[in-house]
Amino acid sequence: MTVLGANYRRDLGIHRFPVLVYALTVLAALVLQAWLPRLLAGHAWFDLPLVVVVYFSLVRRDPVQGTLMGAAMGLFEDALTHHAIGVNGVAKTMAGFLAGSVGVRIDVENHTVRLLLTFLLSLLSSAVYVFVYRVLLGLDQQWNWVMELIKAVANVLIAMVLFPFLDRLQIRD
Amino acid sequence: MESFFVRYRNFLVLLAVLLAQMIGLAMQVRLADSGHNSLDLPDGKGVRLIRLWAEAMVAPPERFFHDSKLDAGLWWQNYVNLGHVRDENRDLQKTIDRLRLEQAELLEDAKEGQRLQALLGFQQKYVYKTLAAQDIGSSGSDASRVFYIDKGSADGLVRDMAVVTPDGIVGKVRDVFPHTAQVLVVNDQTSGAGVILETTRTRGILRGNAQGRLQVEGLLSDPRIQRGEKVLTAGGDMIFPRGLPVGVVEGVVPDPDRDSFIDVIVKSAAHLDRLDEVLVITSFEPDFPPGQQHDLATSVALKGADAQAIKEQQIREQQIKEQQKEQQKASDIMAERLPGLTNPNAPAPNPAATLVPGKAAQPGPAQATPAQPPAPKLLQPKRFDRFSPGAAPQPPAKAENSAPAGQGNKSASKPTSKPASKLQPPAHPQPAHTERNPQP
């Protein structure tokens with residue numbers, strides 16, 4: 001009964017987008033994440049790919065899609081760094097899966113809930129990143145949690161603008 | 001079984017994706033000799049392929065944005081914002097004239113330095129060839145301080161080339177793609193550069209910290225290290241040439257892990273957070289234009305001629321000294337072998353003058369009397385003959401009145417016992433027989 005209820009809510013609230021919107025949004029997020037820090041004195045105080053992953057996972061209400069999208073974008077981000085490929089992938093895979101799982105059970109139309117989820121998943125992604133890097137891989141790297149908090153707030157600010165914009169691009173029956 | 005996969009499809013997909021990534025991560029990390037894990041510095045084929053794909057997707061839009069920004073900036077500067085252009089042009093012309101003079105002076109200094117370096121046999125490397133490149137993008141993460149430039153292996157870039165700006169060092173080329181390259185900035189935590197403090201000559205390794213600041217870690221506490229001291233590259237890391245500016249000391253903090261050690265915080269000379277155009281050092285070999293090469297060849301030839309002339313002069317002086325020494329030696333040998341060939345009329349050496357060098361001779365009774373003529377020194381001949389001193393040949397008439405031959409031979413065989421001082425000088429010769437054979 002619970003499963004049926006969940007599927008019912010999911011079928012009711014599922015958002016669909018043109019394929020071009022998917023592709024361009026993902027590509028734009030990756031390119032801007034790599035290019036915008038040049039304009040911000042080299043500081044990447046945001047995580048555009050994570051915001052995009054959270055949004056599409058929430059509105060699609062599909063943990064599998066969120067998992068795969070998070071893994072793909074995380075691996076792509078890792079490929080642009082000089083670190084091991086997969087650290088960001090694991091972190092964003094977790095974030096996408098949780099966003100898709102939560103999206104089944106909450107009202108994704110509520111903007112405040114989406115922003116709160118973005119904030120929490122940003123912190124979770126940073127925590128998973130540090131865990132994988134320092135604990136699982138045993139690599140030595142200093143970490144600044146204040147910067148991660150600032151990054152989470154910045155992601156929320158970006159989401160406040162980006163989510164309504166992407167809502168307008170969805171396919172309406 | 002089917003219901004199991006359907007029911008737990010989401011978790012199974014999650015586990016599969018996580019497991020695949022974990023395996024991939026494990027293949028990229030190895031246990032270093034120091035006991036700590038480290039990443040494989042040269043990427044594996046699979047990893048490099050993923051990086052190549054990602055770079056191929058991101059680089060074209062980044063180039064487009066970069067060129068668009070440049071085009072927009074040029075359009076604004078060339079067609080809209082033309083205020084004060086004449087004043088700027090006048091100032092720039094003055095600057096060009098001044099820089100031309102400075103360039104001429106510096107060129108002469110460089111030539112002189114080149115000659116001196118060749119003379120002294122220094123092996124210090126200079127930066128001779130650089131390639132200008134544009135910063136077109138970054139990694140997008142504060143944990144990885146790398147950026148991408150618009151030059152790659154097609155332009156001759158290879159791994160571990162130094163990247164600098166006129167202000168100071170920036171980083172090194174970490175990965176090279178066909179038309180782009182990844183540069184690891186010196187303020188990254190995994191970066192490292194050998195540096196030396198200009199005044200105290202303290203050496204250390206420059207690294208970045210989590211905040212992206214430069215610091216030299218693990219130095220022994222030294223009160224001489226003060227704020228504002230310049231930091232230069234030491235040249236021992238085989239990447240950066242020696243003597244390039246790195247920055248200045250911004251502060252000194254104690255090492256949190258070890259007592260009596262300090263960390264020196266360095267303020268970068270290059271604007272690492274606002275890089276636009278950088279220079280990649282592609283060669284340390286001399287690559288002068290033809291005019292400068294001709295000048296250098298002329299100076300080298302002149303230097304060789306001077307050296308040859310000096311060498312010939314030294315050889316001549318050496319030969320003269322050897323000749324003088326041989327002559328002196330021959331005269332000494334002659335003097336030793338012929339001790340009797342002394343001038344009998346030469347004055348006797350003053351013994352007082354040869355007592356102690358530098359000590360005045362004491363006046364004595366001998367000096368009060370006038371000097372006597374030196375007594376001639378005659379050797380005693382082993383066998384007296386007619387050639388002996390004083391044995392002049394006798395006239396034939398007197399020979400008949402002389403003693404018998406037997407007596408004469410006997411007396412002649414006896415050596416004379418008269419003192420030599422009583423002999424007459426050659427100017428007043430006496431007959432030999434009157435002395436040797438006195439008449440009764």
# chains A, B, ... in the order shown; residues from 1 in each chain; ligands from 1
>>> residues_around(residues="range 20-27 of chain A", least_positions_apart="2", cutoff="12 Å", atoms="only C-alpha atoms", output="number ranges by chain")
A: 16-18, 29-34, 48-57, 60, 69-70, 72-74, 76-77, 162-163, 165-171; B: 54, 57-62
>>> select_by_dssp(residues="range 143-352 of chain B", states="strand (DSSP E)", output="PyMOL selection string")
chain B and resi 146-149+162-164+169-176+181-185+193-197+203-208+214-220+230-233+245-254+261-268+277-283
>>> closest_atom_pairs(of="chain A", to="chain B", cutoff="7 Å", atoms="only C-alpha atoms", output="CSV")
residue,atom,partner,partner_atom,distance
A:Val31,CA,B:Val58,CA,5.6
A:Gln33,CA,B:Gly140,CA,5.0
A:Ala34,CA,B:Gly140,CA,4.3
A:Trp35,CA,B:Gly137,CA,4.8
A:Pro37,CA,B:Gly140,CA,6.5
A:Arg38,CA,B:Gly137,CA,6.7
A:Ala41,CA,B:Asp273,CA,4.6
A:Gly42,CA,B:Asp273,CA,4.8
A:His43,CA,B:Asp142,CA,6.3
A:Ala44,CA,B:Ser141,CA,5.5
A:Pro63,CA,B:Asn10,CA,6.1
A:Val64,CA,B:Asn10,CA,5.6
A:Thr67,CA,B:Leu14,CA,6.3
A:Phe76,CA,B:Ala54,CA,6.0
A:Ala79,CA,B:Arg51,CA,4.6
A:Leu80,CA,B:Ser139,CA,5.1
A:Thr81,CA,B:Ser139,CA,5.0
A:His82,CA,B:Ser144,CA,6.4
A:Ala84,CA,B:Gln28,CA,6.4
A:Ile85,CA,B:Leu25,CA,6.6
A:Gly86,CA,B:Gln21,CA,5.5
A:Val90,CA,B:Leu18,CA,6.1
A:Gly138,CA,B:Asn37,CA,5.8
A:Leu139,CA,B:Asn37,CA,5.7
A:Gln142,CA,B:Ala210,CA,5.3
A:Trp143,CA,B:Ala210,CA,5.8
A:Asn144,CA,B:Ala210,CA,6.4
>>> atom_distance(atom1="CA of Ile320 in chain B", atom2="CA of Glu336 in chain B")
24.5 Å
>>> atom_distance(atom1="CA of Thr233 in chain B", atom2="CA of Ile196 in chain B")
6.0 Å
>>> select_by_dssp(residues="range 246-293 of chain B", states="alpha helix (DSSP H)", output="PyMOL selection string")
chain B and resi 290-293
